[in-house]
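Novice: Below is one structure. I have some questions about it.
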Amino acid sequence: MGAGSCRRILGGDMAGLDVGQFEKIAEGVYLEGLAVDHERNVVWYSDVIAGGVHGVTADGRKVGSFNRGRKWTGGCLMNADGSVLSSGPGGIMWNNMETGASGWLLHEIDGKIINGINELVPDGTGGIFFGTNDIEMVEKGQPTRPTALYRLTLDRKVIRLAQDVNFSNGIIYDATRRRFYCSDTFKAAWAWDVEDDLSLSNRRVLLDKEDCDGMAMDAEGNIWITGFRSPGVIVRTTPAGTALPAVDTPPGSTTQIRFGGSDMRDFFINVVPADGGDSLKEGKPLSGASALYRGRSAIAGAPVGPARFKLI
């Protein structure tokens, strides 16, 4: 799809939603990574079982797909040139739907091909934070080996930040409060302080909950945490870990959340079968399909800005 066609289809009004209402805008097998292209009003999402990364407008019109044969993409992020960064086996890829160009942003660490990467978020300097995952064992339905958190600088230097993470999942960087959060799936959600050099220190528990999955942050700095064993609800905490009222969702469990819309009060969630996460862990068939929903929040969200890599 060319640049003109990608932009032309984005006009038109969306159906208004009240807080607590949801509109289904896409379906798949097991939906995961989410990225909102605020400039083009496109939501990109992955399907870790059927494969590929797919784009829709906020009212559900299809934009396009790429990497259809690539499974286990757990994270998506925009780059400033309009390319979509996507994680998965082998590292982080980039795809530009306007030009058709694609390539690897990161394929090796310490000279070794990367087993897998899960979530990724901008680091505020043009680079990104990301967490690895053990896709080899996930595919086999076997216990996974420990993972780590890294930073990829704008000049593509890889810096390891933490390696005592069992299964890295959703991550958020709060540049204002200098805090970093990560879901350590099957254990808890962690919080760190962020130092001047963007290293992490003072790890502590943010939320003691074993099914922590994706994360997002609202404009007040509170953290929204999805749970693959938590049907019909998204948990919220303050930066100090104090519980806030939860947000109700459609039936099923939520894997990822991102905010968008002109006032940043729309939010997008991937909802999977309530037993879906454990089915993947154990190598069992899924009990149903997944869906991408648009909802409406009483509180504005914090936008996830783009990375700023020069891609060739």
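Ligands are numbered from 1 in the order shown, residues from 1 within each chain, and chains are lettered A, B, ... in the order they appear in the structure tokens.
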Please build the interface table for range 107-156 of chain A against range 76-91 of chain A with a cut-off of 8 Å, listing for each qualifying residue the nearest atom pair and the distance in Å to one decimal; count only C-alpha atoms, order rows by chain and increasing number, and write it as a Markdown table.
Specialist:
| residue | atom | partner | partner_atom | distance |
| --- | --- | --- | --- | --- |
| A:His107 | CA | A:Gly91 | CA | 4.8 |
| A:Glu108 | CA | A:Gly91 | CA | 7.2 |
| A:Ile113 | CA | A:Gly90 | CA | 6.1 |
| A:Ile114 | CA | A:Gly90 | CA | 4.7 |
| A:Asn115 | CA | A:Gly90 | CA | 5.6 |
| A:Gly116 | CA | A:Pro89 | CA | 4.3 |
| A:Ile117 | CA | A:Gly88 | CA | 5.1 |
| A:Asn118 | CA | A:Ser87 | CA | 5.8 |
| A:Glu119 | CA | A:Ser87 | CA | 7.0 |
| A:Leu120 | CA | A:Leu77 | CA | 6.8 |
| A:Val121 | CA | A:Leu77 | CA | 6.8 |
| A:Ile135 | CA | A:Pro89 | CA | 6.5 |
Novice: Report as a ChimeraX atom specification all protein, DNA and RNA residues lying within 9 Å of range 222-238 of chain A, evaluated on only C-alpha atoms, omitting residues in the same chain fewer than 5 positions from it.
Specialist: /A:170,172,181,183,189,206-207,209-217,243-257,271-278
Novice: Would you mind exporting the chosen residues as an mmCIF file, in the first residue's frame, restricted to N, CA and C atoms?
Specialist:
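Written file, selection.cif:
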data_model
loop_
_atom_site.group_PDB
_atom_site.id
_atom_site.type_symbol
_atom_site.label_atom_id
_atom_site.label_comp_id
_atom_site.auth_asym_id
_atom_site.auth_seq_id
_atom_site.Cartn_x
_atom_site.Cartn_y
_atom_site.Cartn_z
ATOM 1 N N GLY A 170 4.955 -6.651 29.565
ATOM 2 C CA GLY A 170 4.682 -5.241 29.375
ATOM 3 C C GLY A 170 5.661 -4.336 30.096
ATOM 4 N N ILE A 172 6.828 0.014 30.717
ATOM 5 C CA ILE A 172 6.483 1.427 30.601
ATOM 6 C C ILE A 172 7.617 2.243 31.214
ATOM 7 N N TYR A 181 8.733 0.485 34.683
ATOM 8 C CA TYR A 181 7.881 -0.600 35.159
ATOM 9 C C TYR A 181 7.941 -1.765 34.186
ATOM 10 N N SER A 183 6.170 -5.881 33.696
ATOM 11 C CA SER A 183 5.446 -7.076 34.121
ATOM 12 C C SER A 183 6.374 -8.273 34.003
ATOM 13 N N ALA A 189 4.590 -7.496 38.985
ATOM 14 C CA ALA A 189 5.017 -6.322 38.217
ATOM 15 C C ALA A 189 6.013 -5.558 39.074
ATOM 16 N N LEU A 206 5.697 -3.539 42.339
ATOM 17 C CA LEU A 206 4.611 -2.597 42.071
ATOM 18 C C LEU A 206 3.268 -3.271 42.315
ATOM 19 N N LEU A 207 3.112 -4.508 41.816
ATOM 20 C CA LEU A 207 1.869 -5.245 41.964
ATOM 21 C C LEU A 207 2.196 -6.723 42.113
ATOM 22 N N LYS A 209 1.058 -9.882 41.627
ATOM 23 C CA LYS A 209 0.003 -10.563 40.863
ATOM 24 C C LYS A 209 0.677 -11.387 39.780
ATOM 25 N N GLU A 210 0.325 -12.674 39.672
ATOM 26 C CA GLU A 210 1.091 -13.590 38.839
ATOM 27 C C GLU A 210 0.764 -13.533 37.347
ATOM 28 N N ASP A 211 -0.286 -12.820 36.960
ATOM 29 C CA ASP A 211 -0.643 -12.835 35.537
ATOM 30 C C ASP A 211 -0.457 -11.468 34.885
ATOM 31 N N CYS A 212 0.425 -10.633 35.443
ATOM 32 C CA CYS A 212 0.659 -9.302 34.859
ATOM 33 C C CYS A 212 1.133 -9.440 33.417
ATOM 34 N N ASP A 213 0.531 -8.643 32.535
ATOM 35 C CA ASP A 213 0.809 -8.769 31.106
ATOM 36 C C ASP A 213 1.179 -7.397 30.546
ATOM 37 N N GLY A 214 0.337 -6.807 29.700
ATOM 38 C CA GLY A 214 0.645 -5.514 29.111
ATOM 39 C C GLY A 214 0.461 -4.363 30.081
ATOM 40 N N MET A 215 1.029 -3.202 29.712
ATOM 41 C CA MET A 215 0.964 -2.020 30.568
ATOM 42 C C MET A 215 0.715 -0.772 29.739
ATOM 43 N N ALA A 216 0.065 0.205 30.373
ATOM 44 C CA ALA A 216 -0.048 1.546 29.820
ATOM 45 C C ALA A 216 -0.065 2.520 30.989
ATOM 46 N N MET A 217 0.165 3.790 30.704
ATOM 47 C CA MET A 217 0.183 4.815 31.731
ATOM 48 C C MET A 217 -0.800 5.912 31.364
ATOM 49 N N ALA A 243 -3.527 0.465 45.136
ATOM 50 C CA ALA A 243 -4.578 0.017 44.235
ATOM 51 C C ALA A 243 -5.585 1.130 43.964
ATOM 52 N N LEU A 244 -6.010 1.227 42.718
ATOM 53 C CA LEU A 244 -7.060 2.142 42.284
ATOM 54 C C LEU A 244 -8.222 1.322 41.746
ATOM 55 N N PRO A 245 -9.412 1.925 41.592
ATOM 56 C CA PRO A 245 -10.536 1.172 41.034
ATOM 57 C C PRO A 245 -10.178 0.562 39.683
ATOM 58 N N ALA A 246 -10.550 -0.694 39.492
ATOM 59 C CA ALA A 246 -10.251 -1.392 38.244
ATOM 60 C C ALA A 246 -11.165 -0.894 37.130
ATOM 61 N N VAL A 247 -10.804 -1.220 35.900
ATOM 62 C CA VAL A 247 -11.585 -0.860 34.714
ATOM 63 C C VAL A 247 -12.196 -2.133 34.143
ATOM 64 N N ASP A 248 -13.513 -2.140 33.982
ATOM 65 C CA ASP A 248 -14.200 -3.292 33.411
ATOM 66 C C ASP A 248 -13.970 -3.356 31.903
ATOM 67 N N THR A 249 -13.895 -4.568 31.374
ATOM 68 C CA THR A 249 -13.660 -4.799 29.953
ATOM 69 C C THR A 249 -14.659 -5.833 29.440
ATOM 70 N N PRO A 250 -14.716 -6.054 28.130
ATOM 71 C CA PRO A 250 -15.543 -7.146 27.603
ATOM 72 C C PRO A 250 -15.060 -8.495 28.132
ATOM 73 N N PRO A 251 -15.898 -9.534 28.018
ATOM 74 C CA PRO A 251 -15.516 -10.867 28.504
ATOM 75 C C PRO A 251 -14.208 -11.340 27.879
ATOM 76 N N GLY A 252 -13.440 -12.070 28.658
ATOM 77 C CA GLY A 252 -12.124 -12.521 28.242
ATOM 78 C C GLY A 252 -11.059 -11.769 29.007
ATOM 79 N N SER A 253 -9.811 -12.095 28.768
ATOM 80 C CA SER A 253 -8.684 -11.471 29.458
ATOM 81 C C SER A 253 -7.922 -10.563 28.505
ATOM 82 N N THR A 254 -7.396 -9.464 29.027
ATOM 83 C CA THR A 254 -6.729 -8.462 28.202
ATOM 84 C C THR A 254 -5.225 -8.684 28.207
ATOM 85 N N THR A 255 -4.611 -8.645 27.023
ATOM 86 C CA THR A 255 -3.163 -8.838 26.920
ATOM 87 C C THR A 255 -2.398 -7.529 26.777
ATOM 88 N N GLN A 256 -3.020 -6.506 26.156
ATOM 89 C CA GLN A 256 -2.283 -5.262 25.946
ATOM 90 C C GLN A 256 -3.253 -4.097 25.856
ATOM 91 N N ILE A 257 -2.753 -2.901 26.173
ATOM 92 C CA ILE A 257 -3.561 -1.688 26.145
ATOM 93 C C ILE A 257 -2.711 -0.517 25.675
ATOM 94 N N VAL A 271 -8.259 -8.526 23.642
ATOM 95 C CA VAL A 271 -8.936 -9.430 24.567
ATOM 96 C C VAL A 271 -8.883 -10.842 24.011
ATOM 97 N N VAL A 272 -8.414 -11.785 24.835
ATOM 98 C CA VAL A 272 -8.232 -13.182 24.431
ATOM 99 C C VAL A 272 -9.077 -14.078 25.337
ATOM 100 N N PRO A 273 -9.250 -15.367 24.994
ATOM 101 C CA PRO A 273 -9.970 -16.261 25.900
ATOM 102 C C PRO A 273 -9.351 -16.261 27.293
ATOM 103 N N ALA A 274 -10.192 -16.398 28.313
ATOM 104 C CA ALA A 274 -9.715 -16.312 29.692
ATOM 105 C C ALA A 274 -8.642 -17.349 30.013
ATOM 106 N N ASP A 275 -8.674 -18.495 29.315
ATOM 107 C CA ASP A 275 -7.659 -19.530 29.548
ATOM 108 C C ASP A 275 -6.550 -19.490 28.503
ATOM 109 N N GLY A 276 -6.519 -18.423 27.696
ATOM 110 C CA GLY A 276 -5.600 -18.381 26.566
ATOM 111 C C GLY A 276 -4.141 -18.360 26.955
ATOM 112 N N GLY A 277 -3.774 -17.541 27.951
ATOM 113 C CA GLY A 277 -2.378 -17.440 28.361
ATOM 114 C C GLY A 277 -1.833 -18.758 28.869
ATOM 115 N N ASP A 278 -2.619 -19.430 29.700
ATOM 116 C CA ASP A 278 -2.168 -20.721 30.217
ATOM 117 C C ASP A 278 -2.164 -21.788 29.123
#
Novice: Once DSSP has gone over the backbone, tell me which residues of range 51-239 of chain A are in strand (DSSP E or B), as a tab-separated table (two decimals) with N, CA and C atoms, in the first residue's frame.
Specialist:
chain	number	residue	atom	x	y	z
A	53	VAL	N	1.57	-8.70	11.64
A	53	VAL	CA	1.17	-7.45	12.27
A	53	VAL	C	0.16	-6.79	11.34
A	54	HIS	N	-0.93	-6.29	11.90
A	54	HIS	CA	-2.05	-5.82	11.11
A	54	HIS	C	-2.46	-4.43	11.57
A	55	GLY	N	-2.91	-3.61	10.62
A	55	GLY	CA	-3.30	-2.25	10.95
A	55	GLY	C	-4.76	-1.99	10.64
A	56	VAL	N	-5.42	-1.25	11.54
A	56	VAL	CA	-6.78	-0.80	11.31
A	56	VAL	C	-6.87	0.65	11.76
A	57	THR	N	-7.84	1.38	11.21
A	57	THR	CA	-8.13	2.70	11.74
A	57	THR	C	-8.88	2.53	13.04
A	62	LYS	N	-9.60	-1.69	7.68
A	62	LYS	CA	-8.30	-2.32	7.52
A	62	LYS	C	-7.35	-1.42	6.73
A	63	VAL	N	-6.12	-1.35	7.19
A	63	VAL	CA	-5.08	-0.56	6.52
A	63	VAL	C	-4.11	-1.47	5.77
A	64	GLY	N	-3.70	-2.56	6.38
A	64	GLY	CA	-2.75	-3.45	5.73
A	64	GLY	C	-2.11	-4.36	6.75
A	65	SER	N	-1.28	-5.28	6.26
A	65	SER	CA	-0.60	-6.25	7.11
A	65	SER	C	0.82	-6.46	6.60
A	66	PHE	N	1.68	-6.94	7.48
A	66	PHE	CA	3.03	-7.32	7.07
A	66	PHE	C	3.53	-8.46	7.95
A	76	CYS	N	4.84	-3.95	19.58
A	76	CYS	CA	4.92	-3.07	18.41
A	76	CYS	C	5.16	-1.65	18.89
A	77	LEU	N	5.86	-0.87	18.08
A	77	LEU	CA	6.17	0.52	18.43
A	77	LEU	C	6.39	1.30	17.15
A	78	MET	N	5.93	2.55	17.12
A	78	MET	CA	6.13	3.39	15.96
A	78	MET	C	7.55	3.97	15.94
A	79	ASN	N	8.09	4.16	14.74
A	79	ASN	CA	9.30	4.94	14.52
A	79	ASN	C	8.88	6.27	13.90
A	84	VAL	N	6.86	0.73	11.41
A	84	VAL	CA	6.43	0.01	12.60
A	84	VAL	C	7.54	-0.93	13.03
A	85	LEU	N	7.96	-0.82	14.28
A	85	LEU	CA	8.92	-1.76	14.86
A	85	LEU	C	8.14	-2.90	15.49
A	86	SER	N	8.58	-4.13	15.28
A	86	SER	CA	7.87	-5.28	15.84
A	86	SER	C	8.86	-6.30	16.36
A	90	GLY	N	14.18	-13.75	16.67
A	90	GLY	CA	15.26	-13.12	15.92
A	90	GLY	C	15.51	-11.67	16.26
A	92	ILE	N	14.17	-7.51	16.60
A	92	ILE	CA	13.23	-6.44	16.26
A	92	ILE	C	13.33	-6.12	14.77
A	93	MET	N	12.21	-6.18	14.09
A	93	MET	CA	12.14	-5.84	12.67
A	93	MET	C	11.50	-4.47	12.50
A	94	TRP	N	11.68	-3.87	11.32
A	94	TRP	CA	10.95	-2.66	10.99
A	94	TRP	C	10.33	-2.83	9.61
A	95	ASN	N	9.14	-2.28	9.47
A	95	ASN	CA	8.41	-2.33	8.20
A	95	ASN	C	7.78	-0.98	7.93
A	102	SER	N	11.70	-2.86	4.46
A	102	SER	CA	11.73	-3.55	5.74
A	102	SER	C	13.15	-4.00	6.04
A	103	GLY	N	13.39	-4.38	7.28
A	103	GLY	CA	14.71	-4.87	7.66
A	103	GLY	C	14.77	-5.15	9.15
A	104	TRP	N	15.96	-5.48	9.61
A	104	TRP	CA	16.18	-5.74	11.02
A	104	TRP	C	16.71	-4.47	11.70
A	105	LEU	N	16.06	-4.08	12.77
A	105	LEU	CA	16.61	-3.04	13.63
A	105	LEU	C	17.65	-3.64	14.57
A	106	LEU	N	17.35	-4.81	15.11
A	106	LEU	CA	18.27	-5.51	16.01
A	106	LEU	C	18.08	-7.00	15.82
A	108	GLU	N	21.04	-9.29	16.65
A	108	GLU	CA	22.02	-9.99	17.47
A	108	GLU	C	22.31	-9.22	18.75
A	109	ILE	N	22.66	-9.94	19.79
A	109	ILE	CA	23.20	-9.37	21.02
A	109	ILE	C	24.47	-10.14	21.36
A	112	LYS	N	25.30	-13.03	19.00
A	112	LYS	CA	24.42	-14.19	18.90
A	112	LYS	C	23.03	-13.76	18.42
A	113	ILE	N	22.46	-14.57	17.52
A	113	ILE	CA	21.10	-14.31	17.05
A	113	ILE	C	20.14	-14.34	18.24
A	114	ILE	N	19.24	-13.39	18.30
A	114	ILE	CA	18.36	-13.25	19.45
A	114	ILE	C	17.27	-14.32	19.43
A	117	ILE	N	12.32	-11.32	21.47
A	117	ILE	CA	12.10	-10.06	22.18
A	117	ILE	C	10.60	-9.88	22.31
A	118	ASN	N	10.17	-9.35	23.45
A	118	ASN	CA	8.75	-9.20	23.73
A	118	ASN	C	8.33	-7.74	23.59
A	119	GLU	N	8.23	-6.99	24.67
A	119	GLU	CA	7.74	-5.61	24.62
A	119	GLU	C	8.88	-4.62	24.39
A	120	LEU	N	8.50	-3.43	23.87
A	120	LEU	CA	9.47	-2.36	23.65
A	120	LEU	C	8.75	-1.02	23.78
A	121	VAL	N	9.47	-0.03	24.37
A	121	VAL	CA	8.94	1.32	24.55
A	121	VAL	C	10.06	2.33	24.32
A	122	PRO	N	9.73	3.57	23.97
A	122	PRO	CA	10.78	4.58	23.74
A	122	PRO	C	11.49	4.96	25.03
A	128	ILE	N	15.24	2.91	22.49
A	128	ILE	CA	14.15	2.16	23.10
A	128	ILE	C	14.65	1.35	24.29
A	129	PHE	N	13.72	1.00	25.16
A	129	PHE	CA	13.89	-0.07	26.14
A	129	PHE	C	13.19	-1.30	25.57
A	130	PHE	N	13.73	-2.50	25.86
A	130	PHE	CA	13.04	-3.72	25.44
A	130	PHE	C	13.38	-4.86	26.39
A	131	GLY	N	12.55	-5.89	26.36
A	131	GLY	CA	12.77	-7.08	27.17
A	131	GLY	C	12.80	-8.31	26.30
A	132	THR	N	13.67	-9.25	26.62
A	132	THR	CA	13.75	-10.50	25.85
A	132	THR	C	12.72	-11.50	26.37
A	147	THR	N	14.90	-14.12	31.47
A	147	THR	CA	15.03	-13.11	30.43
A	147	THR	C	15.70	-11.87	31.01
A	148	ALA	N	15.83	-10.82	30.19
A	148	ALA	CA	16.55	-9.62	30.64
A	148	ALA	C	15.92	-8.38	30.04
A	149	LEU	N	16.25	-7.23	30.63
A	149	LEU	CA	15.82	-5.93	30.12
A	149	LEU	C	17.03	-5.21	29.55
A	150	TYR	N	16.83	-4.52	28.42
A	150	TYR	CA	17.92	-3.84	27.72
A	150	TYR	C	17.47	-2.46	27.28
A	151	ARG	N	18.47	-1.68	26.89
A	151	ARG	CA	18.22	-0.42	26.20
A	151	ARG	C	19.00	-0.47	24.88
A	152	LEU	N	18.35	-0.04	23.79
A	152	LEU	CA	19.01	0.11	22.50
A	152	LEU	C	19.09	1.60	22.23
A	158	VAL	N	23.70	-1.74	22.42
A	158	VAL	CA	22.85	-2.53	23.32
A	158	VAL	C	23.42	-2.48	24.73
A	159	ILE	N	22.60	-2.06	25.70
A	159	ILE	CA	23.02	-1.95	27.09
A	159	ILE	C	22.08	-2.81	27.94
A	160	ARG	N	22.64	-3.77	28.66
A	160	ARG	CA	21.80	-4.60	29.53
A	160	ARG	C	21.52	-3.84	30.82
A	161	LEU	N	20.25	-3.81	31.22
A	161	LEU	CA	19.83	-3.05	32.39
A	161	LEU	C	19.49	-3.94	33.58
A	162	ALA	N	18.90	-5.09	33.33
A	162	ALA	CA	18.52	-6.01	34.40
A	162	ALA	C	18.42	-7.40	33.82
A	163	GLN	N	18.89	-8.38	34.56
A	163	GLN	CA	18.83	-9.76	34.07
A	163	GLN	C	18.12	-10.70	35.03
A	164	ASP	N	17.60	-10.17	36.14
A	164	ASP	CA	16.92	-11.00	37.13
A	164	ASP	C	15.41	-10.92	36.93
A	165	VAL	N	14.98	-11.16	35.68
A	165	VAL	CA	13.57	-11.13	35.33
A	165	VAL	C	13.19	-12.51	34.79
A	168	SER	N	9.96	-11.38	30.99
A	168	SER	CA	9.64	-9.96	30.78
A	168	SER	C	8.44	-9.83	29.86
A	169	ASN	N	7.56	-8.89	30.22
A	169	ASN	CA	6.37	-8.67	29.42
A	169	ASN	C	6.16	-7.17	29.28
A	170	GLY	N	4.95	-6.65	29.57
A	170	GLY	CA	4.68	-5.24	29.37
A	170	GLY	C	5.66	-4.34	30.10
A	171	ILE	N	6.09	-3.26	29.44
A	171	ILE	CA	7.01	-2.30	30.05
A	171	ILE	C	6.54	-0.88	29.76
A	172	ILE	N	6.83	0.01	30.72
A	172	ILE	CA	6.48	1.43	30.60
A	172	ILE	C	7.62	2.24	31.21
A	173	TYR	N	7.97	3.34	30.56
A	173	TYR	CA	8.95	4.28	31.10
A	173	TYR	C	8.24	5.60	31.37
A	174	ASP	N	8.26	6.04	32.62
A	174	ASP	CA	7.70	7.32	33.02
A	174	ASP	C	8.85	8.31	33.14
A	179	ARG	N	10.75	6.72	36.44
A	179	ARG	CA	10.44	5.37	36.89
A	179	ARG	C	10.21	4.45	35.71
A	180	PHE	N	10.58	3.20	35.90
A	180	PHE	CA	10.45	2.18	34.87
A	180	PHE	C	9.67	1.02	35.47
A	181	TYR	N	8.73	0.48	34.68
A	181	TYR	CA	7.88	-0.60	35.16
A	181	TYR	C	7.94	-1.76	34.19
A	182	CYS	N	7.86	-2.98	34.72
A	182	CYS	CA	7.88	-4.18	33.88
A	182	CYS	C	7.03	-5.28	34.51
A	183	SER	N	6.17	-5.88	33.70
A	183	SER	CA	5.45	-7.08	34.12
A	183	SER	C	6.37	-8.27	34.00
A	184	ASP	N	6.58	-8.94	35.11
A	184	ASP	CA	7.35	-10.19	35.13
A	184	ASP	C	6.32	-11.30	35.22
A	188	ALA	N	5.21	-11.08	39.21
A	188	ALA	CA	4.72	-9.79	39.72
A	188	ALA	C	5.01	-8.72	38.69
A	189	ALA	N	4.59	-7.50	38.98
A	189	ALA	CA	5.02	-6.32	38.22
A	189	ALA	C	6.01	-5.56	39.07
A	190	TRP	N	7.14	-5.16	38.46
A	190	TRP	CA	8.21	-4.49	39.18
A	190	TRP	C	8.26	-3.00	38.83
A	191	ALA	N	8.85	-2.25	39.74
A	191	ALA	CA	9.15	-0.84	39.50
A	191	ALA	C	10.62	-0.59	39.81
A	192	TRP	N	11.27	0.28	39.02
A	192	TRP	CA	12.64	0.69	39.26
A	192	TRP	C	12.71	2.22	39.22
A	193	ASP	N	13.72	2.79	39.85
A	193	ASP	CA	14.08	4.18	39.62
A	193	ASP	C	14.99	4.23	38.39
A	194	VAL	N	14.94	5.33	37.65
A	194	VAL	CA	15.76	5.50	36.45
A	194	VAL	C	16.80	6.58	36.72
A	200	LEU	N	18.85	1.35	35.57
A	200	LEU	CA	17.78	1.07	36.52
A	200	LEU	C	18.35	0.75	37.89
A	201	SER	N	17.63	1.19	38.93
A	201	SER	CA	18.07	0.92	40.31
A	201	SER	C	16.85	0.78	41.21
A	202	ASN	N	17.09	0.24	42.42
A	202	ASN	CA	16.07	0.19	43.47
A	202	ASN	C	14.82	-0.56	43.01
A	203	ARG	N	14.98	-1.78	42.59
A	203	ARG	CA	13.82	-2.57	42.17
A	203	ARG	C	12.92	-2.89	43.37
A	204	ARG	N	11.61	-2.77	43.16
A	204	ARG	CA	10.64	-3.15	44.19
A	204	ARG	C	9.36	-3.63	43.49
A	205	VAL	N	8.48	-4.26	44.27
A	205	VAL	CA	7.23	-4.78	43.73
A	205	VAL	C	6.24	-3.64	43.55
A	206	LEU	N	5.70	-3.54	42.34
A	206	LEU	CA	4.61	-2.60	42.07
A	206	LEU	C	3.27	-3.27	42.31
A	207	LEU	N	3.11	-4.51	41.82
A	207	LEU	CA	1.87	-5.25	41.96
A	207	LEU	C	2.20	-6.72	42.11
A	212	CYS	N	0.43	-10.63	35.44
A	212	CYS	CA	0.66	-9.30	34.86
A	212	CYS	C	1.13	-9.44	33.42
A	213	ASP	N	0.53	-8.64	32.54
A	213	ASP	CA	0.81	-8.77	31.11
A	213	ASP	C	1.18	-7.40	30.55
A	214	GLY	N	0.34	-6.81	29.70
A	214	GLY	CA	0.64	-5.51	29.11
A	214	GLY	C	0.46	-4.36	30.08
A	215	MET	N	1.03	-3.20	29.71
A	215	MET	CA	0.96	-2.02	30.57
A	215	MET	C	0.72	-0.77	29.74
A	216	ALA	N	0.06	0.21	30.37
A	216	ALA	CA	-0.05	1.55	29.82
A	216	ALA	C	-0.07	2.52	30.99
A	217	MET	N	0.16	3.79	30.70
A	217	MET	CA	0.18	4.82	31.73
A	217	MET	C	-0.80	5.91	31.36
A	218	ASP	N	-1.56	6.39	32.36
A	218	ASP	CA	-2.46	7.50	32.07
A	218	ASP	C	-1.77	8.83	32.35
A	223	ILE	N	-0.60	3.44	36.54
A	223	ILE	CA	-0.27	2.33	35.66
A	223	ILE	C	-1.47	1.41	35.50
A	224	TRP	N	-1.82	1.12	34.25
A	224	TRP	CA	-2.89	0.19	33.92
A	224	TRP	C	-2.22	-1.12	33.53
A	225	ILE	N	-2.59	-2.22	34.20
A	225	ILE	CA	-1.92	-3.50	34.01
A	225	ILE	C	-2.94	-4.55	33.61
A	226	THR	N	-2.75	-5.13	32.45
A	226	THR	CA	-3.64	-6.18	31.99
A	226	THR	C	-3.22	-7.52	32.62
A	227	GLY	N	-4.14	-8.49	32.58
A	227	GLY	CA	-3.86	-9.81	33.15
A	227	GLY	C	-4.44	-10.92	32.31
A	233	VAL	N	-11.44	-7.43	33.36
A	233	VAL	CA	-10.97	-6.33	34.20
A	233	VAL	C	-9.52	-5.98	33.88
A	234	ILE	N	-9.18	-4.69	34.00
A	234	ILE	CA	-7.81	-4.19	33.97
A	234	ILE	C	-7.52	-3.57	35.32
A	235	VAL	N	-6.42	-3.96	35.93
A	235	VAL	CA	-6.02	-3.45	37.24
A	235	VAL	C	-5.30	-2.13	37.07
A	236	ARG	N	-5.48	-1.22	38.03
A	236	ARG	CA	-4.77	0.06	38.00
A	236	ARG	C	-4.10	0.30	39.36
A	237	THR	N	-2.90	0.88	39.32
A	237	THR	CA	-2.20	1.25	40.54
A	237	THR	C	-1.58	2.64	40.39
Novice: Quick one: residues within 6 Å of Leu31 in chain A, only C-alpha atoms counted, chain neighbours fewer than 4 positions away excluded, as a compact mmCIF listing (two decimals) with N, CA and C atoms, in the first residue's frame?
Specialist:
# COMPACT_ATOMS: atom_id res chain seq x y z
N SER A 46 -0.58 -7.29 16.75
CA SER A 46 -0.01 -8.56 16.28
C SER A 46 -0.92 -9.72 16.64
N ASP A 47 -0.74 -10.81 15.92
CA ASP A 47 -1.41 -12.08 16.24
C ASP A 47 -0.31 -13.11 16.42
N ASN A 270 -6.47 -5.60 23.51
CA ASN A 270 -6.58 -6.93 22.92
C ASN A 270 -7.16 -7.86 23.97
Novice: Running DSSP on the backbone, which parts of range 43-290 of chain A land in helix (DSSP H, G or I), as an MDAnalysis selection string?
Specialist: chainID A and resid 135:140 276:282
Novice: Between A:Asp59, A:Met264, A:Gly221, A:Thr185, which is the closest to Thr144 in chain A once you count only C-alpha atoms?
Specialist: A:Thr185
Novice: Given the choices A:Glu39, A:Val19, A:Val138, A:Asn96, which gets closest to Trp72 in chain A if the distance is worked out from only C-alpha atoms?
Specialist: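 Ranked by minimum distance to Trp72 in chain A, first place goes to A:Val138.
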Novice: Please provide the set of residues having any atom within 8 Å of Arg265 in chain A, restricted to only C-alpha atoms, with same-chain residues fewer than 6 positions apart removed, written as a ChimeraX atom specification.
Specialist: /A:259,296-301
Novice: I'd like the interatomic distance between CA of Gly28 in chain A and CA of Pro146 in chain A, to a tenth of an Å.
Specialist: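 Atom-to-atom, CA of Gly28 in chain A and CA of Pro146 in chain A are spaced 28.9 Å apart.
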Novice: What does the distance from CA of Thr73 in chain A to CA of Gly261 in chain A come to in Å, to one decimal?
Specialist: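 About the pair CA of Thr73 in chain A and CA of Gly261 in chain A: they are 24.3 Å apart.
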